[in-house]
$ cat structure_37.cif   # mmCIF, C-alpha atoms (C1' of nucleotides)
data_run
#
loop_
_atom_site.label_atom_id
_atom_site.label_comp_id
_atom_site.auth_asym_id
_atom_site.auth_seq_id
_atom_site.Cartn_x
_atom_site.Cartn_y
_atom_site.Cartn_z
CA MET A 24 22.21 11.31 18.29
CA ASN A 25 22.80 12.38 14.73
CA ILE A 26 20.86 10.99 11.83
CA GLY A 27 23.46 8.36 10.99
CA GLN A 28 23.35 6.93 14.48
CA ALA A 29 19.58 7.09 14.48
CA ALA A 30 19.59 5.18 11.20
CA GLN A 31 21.95 2.60 12.64
CA ALA A 32 19.91 2.23 15.80
CA SER A 33 16.53 2.05 14.13
CA GLY A 34 17.31 0.18 10.96
CA VAL A 35 15.78 2.96 8.88
CA SER A 36 18.16 4.61 6.42
CA ALA A 37 19.04 8.26 6.89
CA LYS A 38 17.48 8.93 3.53
CA MET A 39 14.20 7.49 4.63
CA ILE A 40 14.27 9.26 7.98
CA ARG A 41 14.47 12.57 6.15
CA HIS A 42 11.78 11.41 3.78
CA TYR A 43 9.44 10.40 6.60
CA GLU A 44 10.02 13.75 8.22
CA ALA A 45 9.35 15.64 5.01
CA MET A 46 6.11 13.78 4.41
CA GLY A 47 4.93 14.32 7.96
CA LEU A 48 5.07 10.73 9.13
CA ILE A 49 7.33 11.72 12.00
CA PRO A 50 7.54 15.17 13.57
CA GLN A 51 10.24 17.60 12.53
CA ALA A 52 13.40 16.57 14.29
CA ALA A 53 15.08 18.98 16.66
CA ARG A 54 18.08 20.73 15.19
CA ALA A 55 21.48 21.48 16.60
CA TYR A 56 22.96 24.91 16.11
CA SER A 57 24.68 23.65 12.99
CA GLY A 58 21.46 22.51 11.39
CA TYR A 59 22.12 18.84 12.15
CA ARG A 60 19.07 16.91 13.23
CA HIS A 61 19.29 15.17 16.54
CA PHE A 62 17.26 12.29 17.80
CA LEU A 63 16.27 10.90 21.17
CA GLU A 64 15.38 7.40 22.29
CA ARG A 65 11.78 8.28 21.74
CA ASP A 66 12.42 9.01 18.06
CA ILE A 67 14.26 5.76 17.64
CA HIS A 68 11.25 3.91 19.01
CA ASN A 69 9.05 5.64 16.46
CA LEU A 70 11.42 4.73 13.67
CA ARG A 71 11.57 1.10 14.73
CA PHE A 72 7.81 1.02 14.81
CA ILE A 73 7.74 2.35 11.28
CA ARG A 74 10.31 -0.16 10.11
CA ARG A 75 8.28 -3.05 11.49
CA ALA A 76 5.07 -1.71 10.02
CA ARG A 77 6.74 -1.33 6.62
CA ALA A 78 8.03 -4.86 6.97
CA ALA A 79 4.45 -5.94 7.49
CA GLY A 80 3.55 -4.20 4.27
CA PHE A 81 1.53 -1.33 5.66
CA SER A 82 1.49 1.75 3.46
CA THR A 83 2.81 5.00 4.87
CA ALA A 84 -0.75 6.30 5.04
CA GLN A 85 -1.70 3.33 7.18
CA ILE A 86 1.41 3.71 9.26
CA LYS A 87 0.48 7.29 9.95
CA LYS A 88 -2.79 6.09 11.43
CA LEU A 89 -1.09 3.29 13.30
CA LEU A 90 1.37 5.72 14.81
CA SER A 91 -1.34 8.05 16.00
CA LEU A 92 -3.28 5.13 17.41
CA TRP A 93 -0.15 3.97 19.13
CA GLN A 94 0.40 7.34 20.70
CA ASP A 95 -3.20 7.62 21.81
CA ARG A 96 -3.52 5.55 24.94
CA GLN A 97 -7.27 5.88 24.82
CA ARG A 98 -7.60 4.19 21.47
CA PRO A 99 -9.82 1.18 21.25
CA ALA A 100 -8.11 -1.97 19.99
CA ARG A 101 -11.03 -2.20 17.59
CA GLU A 102 -9.62 0.51 15.36
CA VAL A 103 -6.21 -1.08 15.14
CA LYS A 104 -7.71 -4.44 14.41
CA GLN A 105 -9.83 -3.00 11.67
CA LEU A 106 -6.87 -1.37 10.00
CA ALA A 107 -4.84 -4.54 10.21
CA THR A 108 -7.73 -6.59 8.92
CA GLU A 109 -8.12 -4.38 5.90
CA HIS A 110 -4.47 -4.73 5.12
CA LEU A 111 -4.65 -8.46 5.60
CA THR A 112 -7.55 -8.64 3.17
CA ASP A 113 -5.48 -6.75 0.64
CA LEU A 114 -2.55 -9.06 1.18
CA LYS A 115 -4.68 -12.13 0.67
CA ALA A 116 -6.24 -10.75 -2.46
CA ARG A 117 -2.83 -10.00 -3.84
CA ILE A 118 -1.58 -13.45 -2.99
CA SER A 119 -4.54 -14.98 -4.78
CA GLU A 120 -3.92 -12.99 -7.90
CA LEU A 121 -0.26 -13.88 -7.91
CA GLU A 122 -1.10 -17.51 -7.38
CA LEU A 123 -3.47 -17.53 -10.33
CA ILE A 124 -0.76 -16.11 -12.51
CA ALA A 125 1.90 -18.42 -11.17
CA GLN A 126 -0.35 -21.41 -11.70
CA ALA A 127 -1.09 -20.53 -15.29
CA LEU A 128 2.51 -19.71 -16.03
CA SER A 129 3.65 -22.87 -14.35
CA GLN A 130 1.38 -24.90 -16.55
CA LEU A 131 2.70 -23.22 -19.66
CA VAL A 132 6.28 -23.75 -18.62
CA GLU A 133 5.59 -27.42 -18.04
CA GLN A 134 4.05 -27.76 -21.47
CA CYS A 135 7.01 -26.12 -23.15
CA HIS A 136 9.54 -28.76 -24.08
CA GLY A 137 12.23 -26.10 -23.92
CA ASP A 138 14.67 -27.55 -26.43
CA GLU A 139 15.90 -26.29 -29.77
CA ARG A 140 12.58 -26.65 -31.52
CA GLN A 141 10.67 -23.54 -32.46
CA ASP A 142 7.16 -24.17 -31.25
CA CYS A 143 6.45 -22.90 -27.79
CA PRO A 144 3.10 -22.85 -26.00
CA ILE A 145 4.22 -19.90 -23.90
CA LEU A 146 4.61 -17.60 -26.87
CA ASP A 147 1.58 -19.09 -28.55
CA THR A 148 -0.50 -18.29 -25.53
CA LEU A 149 0.78 -14.75 -25.23
CA ALA A 150 0.02 -14.36 -28.91
CA GLY A 151 -3.49 -15.64 -28.34
CA GLN A 152 -2.94 -18.52 -30.70
CA ASP A 153 -3.14 -21.31 -28.25
CA ASP A 154 -6.31 -22.75 -26.80
CA ARG A 155 -4.55 -24.94 -24.32
CA ALA A 156 -4.28 -22.01 -21.94
CA LYS A 157 -7.68 -20.62 -22.58
CA LYS A 158 -8.32 -20.40 -18.87
CA PHE A 159 -5.32 -18.21 -18.45
CA LEU A 160 -6.45 -15.82 -21.09
CA GLU A 161 -9.93 -15.67 -19.71
CA LEU A 162 -8.69 -14.95 -16.26
CA HIS A 163 -6.08 -12.44 -17.12
CA GLY A 164 -6.40 -11.42 -20.69
CA THR A 165 -9.53 -9.43 -20.98
CA SER A 166 -10.20 -7.86 -17.63
CA HIS A 167 -7.85 -5.84 -15.52
CA PRO A 168 -5.42 -8.33 -14.22
CA ARG A 169 -3.05 -5.92 -12.65
CA ILE A 170 -1.79 -6.64 -9.27
CA ARG A 171 -2.16 -4.10 -6.57
CA SER A 172 1.00 -3.72 -4.57
CA LYS A 173 1.21 -1.64 -1.47
CA LEU A 174 4.42 -3.36 -0.53
CA PRO A 175 7.79 -1.84 -1.17
CA MET A 176 10.27 -3.11 -3.70
CA LYS A 177 13.25 -5.22 -2.89
CA LYS A 178 16.46 -4.49 -4.70
CA MET B 188 -6.80 2.76 -37.49
CA ASN B 189 -6.16 5.66 -35.18
CA ILE B 190 -4.72 5.25 -31.75
CA GLY B 191 -8.09 5.24 -30.05
CA GLN B 192 -9.34 2.39 -32.15
CA ALA B 193 -6.09 0.54 -31.67
CA ALA B 194 -6.51 0.98 -27.93
CA GLN B 195 -10.05 -0.32 -28.12
CA ALA B 196 -9.05 -3.27 -30.24
CA SER B 197 -6.01 -4.25 -28.24
CA GLY B 198 -7.08 -3.47 -24.72
CA VAL B 199 -4.04 -1.25 -24.22
CA SER B 200 -4.80 2.38 -23.43
CA ALA B 201 -3.77 5.05 -25.92
CA LYS B 202 -1.55 6.49 -23.25
CA MET B 203 0.29 3.26 -22.87
CA ILE B 204 0.58 2.71 -26.59
CA ARG B 205 2.41 6.01 -26.89
CA HIS B 206 4.49 5.10 -23.89
CA TYR B 207 5.46 1.72 -25.31
CA GLU B 208 6.42 3.41 -28.54
CA ALA B 209 8.49 6.04 -26.77
CA MET B 210 10.38 3.44 -24.78
CA GLY B 211 11.06 1.33 -27.83
CA LEU B 212 8.91 -1.63 -26.91
CA ILE B 213 7.03 -1.33 -30.17
CA PRO B 214 8.35 0.27 -33.36
CA GLN B 215 7.47 3.87 -34.20
CA ALA B 216 3.98 3.86 -35.61
CA ALA B 217 3.39 5.09 -39.14
CA ARG B 218 1.99 8.61 -39.28
CA ALA B 219 -0.73 10.14 -41.39
CA TYR B 220 -0.15 13.47 -43.03
CA SER B 221 -1.66 15.18 -40.01
CA GLY B 222 0.72 13.55 -37.61
CA TYR B 223 -1.83 11.05 -36.36
CA ARG B 224 -0.44 7.58 -35.78
CA HIS B 225 -2.09 4.79 -37.64
CA PHE B 226 -2.05 1.13 -36.85
CA LEU B 227 -2.47 -2.10 -38.75
CA GLU B 228 -3.70 -5.51 -37.69
CA ARG B 229 -0.12 -6.46 -37.14
CA ASP B 230 0.34 -3.71 -34.57
CA ILE B 231 -2.81 -4.76 -32.78
CA HIS B 232 -1.42 -8.26 -32.47
CA ASN B 233 1.73 -6.87 -30.93
CA LEU B 234 -0.26 -4.82 -28.48
CA ARG B 235 -2.40 -7.76 -27.48
CA PHE B 236 0.72 -9.77 -26.93
CA ILE B 237 2.05 -7.06 -24.67
CA ARG B 238 -1.20 -6.83 -22.76
CA ARG B 239 -1.19 -10.55 -22.06
CA ALA B 240 2.44 -10.53 -21.07
CA ARG B 241 1.82 -7.66 -18.67
CA ALA B 242 -1.13 -9.56 -17.30
CA ALA B 243 1.25 -12.42 -16.63
CA GLY B 244 3.42 -10.02 -14.70
CA PHE B 245 6.38 -9.83 -17.06
CA SER B 246 8.36 -6.61 -16.83
CA THR B 247 8.63 -4.45 -19.91
CA ALA B 248 12.26 -5.48 -20.24
CA GLN B 249 11.20 -9.11 -20.31
CA ILE B 250 8.41 -8.35 -22.73
CA LYS B 251 10.90 -6.75 -25.03
CA LYS B 252 12.82 -9.99 -25.14
CA LEU B 253 9.65 -12.02 -25.51
CA LEU B 254 8.55 -9.89 -28.42
CA SER B 255 11.83 -10.31 -30.23
CA LEU B 256 11.75 -14.04 -29.57
CA TRP B 257 8.23 -14.12 -30.89
CA GLN B 258 9.23 -12.35 -34.05
CA ASP B 259 12.23 -14.58 -34.57
CA ARG B 260 10.96 -17.77 -36.08
CA GLN B 261 14.31 -19.41 -35.57
CA ARG B 262 14.27 -18.99 -31.85
CA PRO B 263 14.65 -22.07 -29.72
CA ALA B 264 11.82 -22.68 -27.27
CA ARG B 265 14.56 -23.08 -24.70
CA GLU B 266 15.10 -19.34 -24.44
CA VAL B 267 11.44 -18.57 -23.95
CA LYS B 268 11.13 -21.24 -21.35
CA GLN B 269 14.11 -19.92 -19.49
CA LEU B 270 12.70 -16.42 -19.39
CA ALA B 271 9.33 -17.66 -18.21
CA THR B 272 10.95 -19.85 -15.62
CA GLU B 273 12.90 -16.97 -14.19
CA HIS B 274 9.76 -14.94 -13.92
CA LEU B 275 7.95 -17.84 -12.33
CA THR B 276 10.69 -18.16 -9.75
CA ASP B 277 10.31 -14.49 -8.93
CA LEU B 278 6.57 -14.87 -8.63
CA LYS B 279 6.88 -17.79 -6.28
CA ALA B 280 9.40 -15.99 -4.13
CA ARG B 281 7.11 -13.03 -3.88
CA ILE B 282 4.17 -15.19 -3.00
CA SER B 283 6.17 -16.82 -0.24
CA GLU B 284 7.15 -13.50 1.24
CA LEU B 285 3.60 -12.25 1.15
CA GLU B 286 2.39 -15.44 2.74
CA LEU B 287 4.83 -15.11 5.58
CA ILE B 288 3.62 -11.62 6.24
CA ALA B 289 -0.02 -12.56 5.91
CA GLN B 290 0.43 -15.46 8.27
CA ALA B 291 2.07 -13.36 10.93
CA LEU B 292 -0.44 -10.58 10.56
CA SER B 293 -3.28 -13.03 10.59
CA GLN B 294 -2.04 -14.42 13.88
CA LEU B 295 -1.84 -10.97 15.39
CA VAL B 296 -5.30 -10.06 14.21
CA GLU B 297 -6.68 -13.21 15.75
CA GLN B 298 -5.04 -12.42 19.06
CA CYS B 299 -6.45 -8.92 19.14
CA HIS B 300 -9.81 -8.95 20.88
CA GLY B 301 -10.75 -5.86 18.92
CA ASP B 302 -13.17 -4.27 21.35
CA GLU B 303 -13.04 -1.03 23.30
CA ARG B 304 -10.15 -2.06 25.49
CA GLN B 305 -6.80 -0.40 24.97
CA ASP B 306 -4.35 -3.26 24.89
CA CYS B 307 -3.63 -4.57 21.45
CA PRO B 308 -1.05 -7.18 20.46
CA ILE B 309 -0.80 -5.68 17.00
CA LEU B 310 0.50 -2.36 18.21
CA ASP B 311 2.56 -4.03 20.90
CA THR B 312 4.27 -6.14 18.28
CA LEU B 313 4.95 -3.22 15.99
CA ALA B 314 6.34 -1.41 18.98
CA GLY B 315 8.58 -4.37 19.77
CA GLN B 316 6.99 -4.81 23.18
CA ASP B 317 5.36 -8.11 22.60
CA ASP B 318 7.08 -11.46 22.66
CA ARG B 319 4.07 -13.35 21.43
CA ALA B 320 4.96 -12.46 17.88
CA LYS B 321 8.66 -12.92 18.27
CA LYS B 322 8.76 -15.04 15.16
CA PHE B 323 7.28 -12.25 13.15
CA LEU B 324 9.89 -9.80 14.27
CA GLU B 325 12.67 -12.23 13.63
CA LEU B 326 11.47 -12.89 10.15
CA HIS B 327 10.67 -9.39 9.14
CA GLY B 328 12.04 -6.98 11.65
CA THR B 329 15.78 -7.07 11.37
CA SER B 330 16.62 -8.13 7.87
CA HIS B 331 15.38 -6.65 4.63
CA PRO B 332 11.85 -7.83 4.37
CA ARG B 333 10.84 -5.78 1.41
CA ILE B 334 8.80 -7.33 -1.22
CA ARG B 335 9.90 -7.12 -4.77
CA SER B 336 7.07 -6.35 -7.09
CA LYS B 337 7.49 -6.41 -10.81
CA LEU B 338 3.77 -6.46 -11.25
CA PRO B 339 1.84 -3.31 -12.00
CA MET B 340 -0.50 -1.64 -9.60
CA LYS B 341 -4.20 -1.98 -9.68
CA LYS B 342 -6.21 1.07 -8.91
"C1'" DC C 197 -18.00 27.79 -39.86
"C1'" DT C 198 -18.80 25.87 -35.56
"C1'" DT C 199 -18.74 22.21 -32.43
"C1'" DG C 200 -17.23 18.18 -30.35
"C1'" DA C 201 -14.52 14.23 -30.45
"C1'" DC C 202 -10.54 12.98 -31.60
"C1'" DT C 203 -5.31 13.53 -31.80
"C1'" DT C 204 -0.59 15.48 -30.79
"C1'" DT C 205 3.34 16.63 -27.28
"C1'" DC C 206 4.93 17.72 -22.86
"C1'" DC C 207 4.95 17.80 -17.87
"C1'" DA C 208 3.77 15.86 -13.50
"C1'" DA C 209 2.27 12.65 -10.22
"C1'" DC C 210 1.83 8.19 -7.60
"C1'" DG C 211 5.04 5.14 -3.55
"C1'" DA C 212 9.18 3.89 -1.47
"C1'" DT C 213 13.74 4.00 -2.09
"C1'" DG C 214 18.42 4.98 -3.70
"C1'" DG C 215 22.16 7.74 -5.98
"C1'" DG C 216 24.68 11.64 -6.25
"C1'" DA C 217 26.16 16.60 -6.39
"C1'" DA C 218 27.45 20.82 -3.97
"C1'" DG C 219 28.30 22.67 0.15
"C1'" DG C 220 28.56 23.14 5.51
"C1'" DT C 221 30.15 20.88 10.20
"C1'" DT C 222 32.72 18.23 13.41
"C1'" DC C 223 36.53 16.03 15.17
"C1'" DA C 224 40.95 13.67 15.34
"C1'" DG C 225 45.77 13.94 14.15
"C1'" DC C 226 49.56 16.65 13.21
"C1'" DG D 57 45.78 26.34 13.83
"C1'" DC D 58 45.39 23.52 9.59
"C1'" DT D 59 44.07 19.53 7.03
"C1'" DG D 60 41.42 15.67 5.85
"C1'" DA D 61 38.01 12.27 6.70
"C1'" DA D 62 33.61 11.44 7.92
"C1'" DC D 63 29.76 13.21 8.79
"C1'" DC D 64 25.69 16.33 7.81
"C1'" DT D 65 22.56 19.59 4.93
"C1'" DT D 66 19.36 20.46 0.76
"C1'" DC D 67 18.15 19.58 -3.89
"C1'" DC D 68 17.51 17.03 -8.08
"C1'" DC D 69 17.06 12.74 -10.55
"C1'" DA D 70 16.02 7.70 -11.34
"C1'" DT D 71 13.38 3.65 -10.74
"C1'" DC D 72 8.58 1.09 -12.46
"C1'" DG D 73 4.06 1.20 -14.88
"C1'" DT D 74 0.46 4.00 -15.31
"C1'" DT D 75 -2.60 7.84 -15.22
"C1'" DG D 76 -3.90 12.73 -15.34
"C1'" DG D 77 -3.99 17.07 -17.35
"C1'" DA D 78 -2.91 21.23 -20.25
"C1'" DA D 79 -2.32 23.48 -24.66
"C1'" DA D 80 -2.66 22.96 -29.22
"C1'" DG D 81 -3.70 20.82 -33.76
"C1'" DT D 82 -7.09 17.73 -36.82
"C1'" DC D 83 -11.14 15.68 -38.45
"C1'" DA D 84 -15.95 14.92 -39.49
"C1'" DA D 85 -20.73 16.03 -39.01
"C1'" DG D 86 -24.11 19.53 -38.85
#

$ encode --input "structure_37.cif" --output "structure tokens"
Amino acid sequence: MNIGQAAQASGVSAKMIRHYEAMGLIPQAARAYSGYRHFLERDIHNLRFIRRARAAGFSTAQIKKLLSLWQDRQRPAREVKQLATEHLTDLKARISELELIAQALSQLVEQCHGDERQDCPILDTLAGQDDRAKKFLELHGTSHPRIRSKLPMKK
Amino acid sequence: MNIGQAAQASGVSAKMIRHYEAMGLIPQAARAYSGYRHFLERDIHNLRFIRRARAAGFSTAQIKKLLSLWQDRQRPAREVKQLATEHLTDLKARISELELIAQALSQLVEQCHGDERQDCPILDTLAGQDDRAKKFLELHGTSHPRIRSKLPMKK
DNA sequence: CTTGACTTTCCAACGATGGGAAGGTTCAGC
DNA sequence: GCTGAACCTTCCCATCGTTGGAAAGTCAAG
């Protein structure tokens, strides 16, 4: 199997297969005489595993651990559960932060009449000139309201 | 005001102030004879505006528009509201995706006994060998389950 | 005049992914 | 055997927002 077929079969793009190889997430693929990589069923399974783990939002660092745990038949389920739990905690924290933002923004959008007039509570709030959204500013204005994201981008 | 004081006063790091200037989000700062930038109250207001907008998860492209709307006293609130609404829609979509993932992962974590035994539904699911989490795979395994994130990273 | 705290610019990295160039390989059709 | 299409290779660059650092210049206090 060449890399294109492996990509097709696994759902991981050829680009990313090379990338995963380069970063050591998967072992160096065997090469044909020509230099072409070739892949076996076993590699496809690995790639599918990675695709699912990425879909679940695990970082490549976490996936590396998951893969080695997967390959180690002696591993205790405890370790896997711990890793997944940590990720889940991250996910929930991120959801909470996003929800806080969405809630505040939602409120502002509701309060904005949105017609041809010039006054707009959204801008006023961003400018710090509006007390109506004081909560929003307190929550997200002064501290570090950035949102951690381990999850990949969608186009 | 030098850049350090502007950073202090606005809550935007000096690094980012330079970056925002370089990318055209804020106008080129006035320079002292020495080459040092100096900032006025007006600039600080701009920077605070940007900080709050970033906190609300707006992209720099969106903030650029918001800033120009803010400066334009003739702008209709309609435009601001539309921009905010689009962002809110994005936020909600992202939250939904994260919640789907969290839900599925949560279920798997619950099903994993997490002791010294070797069998683990989490790994089995990632490996595609477990039907218990069929839903999860259907939702996130075959399509493009990546999560768009316009929001900045937290360290 | 020295020292330390500032500032400047430039270059690089993160993480996951995609785009594309320049060149080599394989295979089918003629 | 030759040609062209469709593959493959490596390498560089871009995204997005942010941070880090290096090398050099500036300022103010001692």

$ interface_residues --input "structure_37.cif" --of "chain D" --to "chain A" --cutoff "10 Å" --atoms "only C-alpha atoms (C1' of nucleotides)" --output "list in words"
DC63, DC64, DT65 and DC72 of chain D

$ resolve_selection --input "structure_37.cif" --expression "the PyMOL selection byres ((chain D and resi 61) around 10)" --output "ChimeraX atom specification"
/C:223-224 /D:59-60,62-63

$ resolve_selection --input "structure_37.cif" --expression "the PyMOL selection byres ((chain C) within 12 of (chain A))" --output "PyMOL selection string"
chain C and resi 210-215+220-222

$ closest_residue --input "structure_37.cif" --among "B:Gly244, B:Pro263, B:Gly198, B:Gly211" --to "chain A" --atoms "all atoms listed in the file"
B:Pro263

$ calpha_fit_and_write --input "structure_37.cif" --fixed "chain A" --moving "chain B" --output "compact mmCIF listing (two decimals) with C-alpha atoms, in the coordinates of the input"
# COMPACT_ATOMS: atom_id res chain seq x y z
CA MET B 188 22.26 11.27 18.26
CA ASN B 189 22.83 12.37 14.70
CA ILE B 190 20.86 11.03 11.82
CA GLY B 191 23.44 8.41 10.93
CA GLN B 192 23.37 6.93 14.38
CA ALA B 193 19.61 7.07 14.43
CA ALA B 194 19.59 5.20 11.13
CA GLN B 195 21.95 2.61 12.53
CA ALA B 196 19.94 2.21 15.69
CA SER B 197 16.55 2.05 14.05
CA GLY B 198 17.29 0.19 10.86
CA VAL B 199 15.78 3.00 8.80
CA SER B 200 18.15 4.68 6.36
CA ALA B 201 19.04 8.33 6.89
CA LYS B 202 17.47 9.05 3.55
CA MET B 203 14.21 7.58 4.63
CA ILE B 204 14.27 9.30 7.98
CA ARG B 205 14.46 12.64 6.22
CA HIS B 206 11.76 11.52 3.85
CA TYR B 207 9.44 10.45 6.65
CA GLU B 208 10.00 13.78 8.32
CA ALA B 209 9.31 15.70 5.14
CA MET B 210 6.07 13.85 4.53
CA GLY B 211 4.90 14.35 8.08
CA LEU B 212 5.07 10.76 9.20
CA ILE B 213 7.32 11.71 12.07
CA PRO B 214 7.53 15.14 13.69
CA GLN B 215 10.24 17.59 12.65
CA ALA B 216 13.41 16.54 14.39
CA ALA B 217 15.10 18.92 16.80
CA ARG B 218 18.10 20.68 15.30
CA ALA B 219 21.52 21.44 16.70
CA TYR B 220 22.98 24.87 16.24
CA SER B 221 24.65 23.69 13.05
CA GLY B 222 21.43 22.54 11.52
CA TYR B 223 22.11 18.87 12.18
CA ARG B 224 19.07 16.91 13.29
CA HIS B 225 19.34 15.14 16.57
CA PHE B 226 17.31 12.25 17.82
CA LEU B 227 16.32 10.82 21.16
CA GLU B 228 15.45 7.31 22.26
CA ARG B 229 11.85 8.20 21.72
CA ASP B 230 12.46 8.97 18.06
CA ILE B 231 14.30 5.71 17.61
CA HIS B 232 11.29 3.87 18.96
CA ASN B 233 9.10 5.62 16.44
CA LEU B 234 11.44 4.72 13.64
CA ARG B 235 11.59 1.10 14.68
CA PHE B 236 7.84 1.03 14.77
CA ILE B 237 7.74 2.38 11.25
CA ARG B 238 10.30 -0.12 10.05
CA ARG B 239 8.28 -3.02 11.40
CA ALA B 240 5.07 -1.68 9.99
CA ARG B 241 6.67 -1.29 6.58
CA ALA B 242 7.98 -4.81 6.89
CA ALA B 243 4.40 -5.90 7.45
CA GLY B 244 3.49 -4.16 4.23
CA PHE B 245 1.46 -1.29 5.64
CA SER B 246 1.39 1.80 3.45
CA THR B 247 2.75 5.03 4.85
CA ALA B 248 -0.79 6.35 5.09
CA GLN B 249 -1.73 3.37 7.22
CA ILE B 250 1.40 3.73 9.29
CA LYS B 251 0.47 7.29 9.98
CA LYS B 252 -2.79 6.12 11.47
CA LEU B 253 -1.08 3.31 13.34
CA LEU B 254 1.39 5.72 14.84
CA SER B 255 -1.31 8.06 16.05
CA LEU B 256 -3.25 5.12 17.46
CA TRP B 257 -0.10 3.96 19.17
CA GLN B 258 0.46 7.33 20.73
CA ASP B 259 -3.14 7.62 21.86
CA ARG B 260 -3.45 5.58 24.99
CA GLN B 261 -7.20 5.90 24.89
CA ARG B 262 -7.54 4.22 21.56
CA PRO B 263 -9.77 1.20 21.33
CA ALA B 264 -8.08 -1.94 20.05
CA ARG B 265 -11.01 -2.16 17.67
CA GLU B 266 -9.60 0.53 15.41
CA VAL B 267 -6.19 -1.07 15.18
CA LYS B 268 -7.70 -4.41 14.44
CA GLN B 269 -9.84 -2.96 11.72
CA LEU B 270 -6.88 -1.34 10.03
CA ALA B 271 -4.85 -4.52 10.23
CA THR B 272 -7.75 -6.55 8.95
CA GLU B 273 -8.15 -4.33 5.93
CA HIS B 274 -4.50 -4.69 5.14
CA LEU B 275 -4.71 -8.43 5.62
CA THR B 276 -7.60 -8.60 3.19
CA ASP B 277 -5.53 -6.71 0.64
CA LEU B 278 -2.61 -9.04 1.18
CA LYS B 279 -4.74 -12.10 0.69
CA ALA B 280 -6.29 -10.71 -2.45
CA ARG B 281 -2.88 -9.99 -3.84
CA ILE B 282 -1.64 -13.43 -2.98
CA SER B 283 -4.60 -14.96 -4.76
CA GLU B 284 -3.97 -12.97 -7.89
CA LEU B 285 -0.31 -13.88 -7.90
CA GLU B 286 -1.17 -17.51 -7.38
CA LEU B 287 -3.52 -17.52 -10.31
CA ILE B 288 -0.82 -16.10 -12.50
CA ALA B 289 1.83 -18.43 -11.15
CA GLN B 290 -0.40 -21.41 -11.69
CA ALA B 291 -1.14 -20.53 -15.27
CA LEU B 292 2.46 -19.72 -16.02
CA SER B 293 3.61 -22.86 -14.31
CA GLN B 294 1.33 -24.90 -16.54
CA LEU B 295 2.68 -23.23 -19.64
CA VAL B 296 6.26 -23.76 -18.57
CA GLU B 297 5.57 -27.42 -18.00
CA GLN B 298 4.06 -27.77 -21.44
CA CYS B 299 7.03 -26.14 -23.12
CA HIS B 300 9.58 -28.79 -24.02
CA GLY B 301 12.26 -26.13 -23.85
CA ASP B 302 14.73 -27.56 -26.33
CA GLU B 303 15.97 -26.30 -29.68
CA ARG B 304 12.65 -26.67 -31.43
CA GLN B 305 10.75 -23.56 -32.40
CA ASP B 306 7.23 -24.22 -31.23
CA CYS B 307 6.50 -22.94 -27.77
CA PRO B 308 3.14 -22.89 -25.99
CA ILE B 309 4.25 -19.93 -23.92
CA LEU B 310 4.65 -17.63 -26.87
CA ASP B 311 1.63 -19.13 -28.58
CA THR B 312 -0.48 -18.33 -25.55
CA LEU B 313 0.80 -14.79 -25.27
CA ALA B 314 0.08 -14.41 -28.94
CA GLY B 315 -3.45 -15.70 -28.41
CA GLN B 316 -2.87 -18.59 -30.78
CA ASP B 317 -3.09 -21.37 -28.31
CA ASP B 318 -6.26 -22.82 -26.88
CA ARG B 319 -4.49 -25.00 -24.39
CA ALA B 320 -4.22 -22.08 -22.02
CA LYS B 321 -7.65 -20.71 -22.69
CA LYS B 322 -8.32 -20.48 -19.00
CA PHE B 323 -5.33 -18.28 -18.54
CA LEU B 324 -6.46 -15.86 -21.17
CA GLU B 325 -9.95 -15.77 -19.81
CA LEU B 326 -8.72 -15.01 -16.36
CA HIS B 327 -6.10 -12.50 -17.21
CA GLY B 328 -6.42 -11.47 -20.79
CA THR B 329 -9.59 -9.47 -21.11
CA SER B 330 -10.28 -7.94 -17.75
CA HIS B 331 -7.96 -5.87 -15.62
CA PRO B 332 -5.54 -8.34 -14.22
CA ARG B 333 -3.17 -5.90 -12.66
CA ILE B 334 -1.82 -6.63 -9.32
CA ARG B 335 -2.08 -4.07 -6.63
CA SER B 336 1.07 -3.77 -4.64
CA LYS B 337 1.27 -1.65 -1.56
CA LEU B 338 4.46 -3.36 -0.58
CA PRO B 339 7.82 -1.80 -1.29
CA MET B 340 10.27 -3.11 -3.80
CA LYS B 341 13.24 -5.18 -2.97
CA LYS B 342 16.37 -4.53 -4.89

$ residues_near_point --input "structure_37.cif" --point "(2.2, 17.8, -29.5)" --cutoff "9 Å" --atoms "all atoms listed in the file" --output "number ranges by chain"
C: 203-206; D: 79-81

$ resolve_selection --input "structure_37.cif" --expression "the PyMOL selection byres ((chain C and resi 202) around 8)" --output "number ranges by chain"
C: 201, 203; D: 82-83

$ closest_residue --input "structure_37.cif" --among "B:Glu286, B:Arg265, B:His274, B:Arg281" --to "chain A" --atoms "all atoms listed in the file"
B:Arg265

$ residues_around --input "structure_37.cif" --residues "C:DA209" --least-positions-apart "4" --cutoff "12 Å" --atoms "only C-alpha atoms (C1' of nucleotides)" --output "number ranges by chain"
D: 74-77

$ residues_around --input "structure_37.cif" --residues "stretch 290-302 of chain B" --least-positions-apart "2" --cutoff "12 Å" --atoms "only C-alpha atoms (C1' of nucleotides)" --output "PyMOL selection string"
(chain A and resi 75-76+78-81+98-115+118) or (chain B and resi 282-288+304-313+317-328)
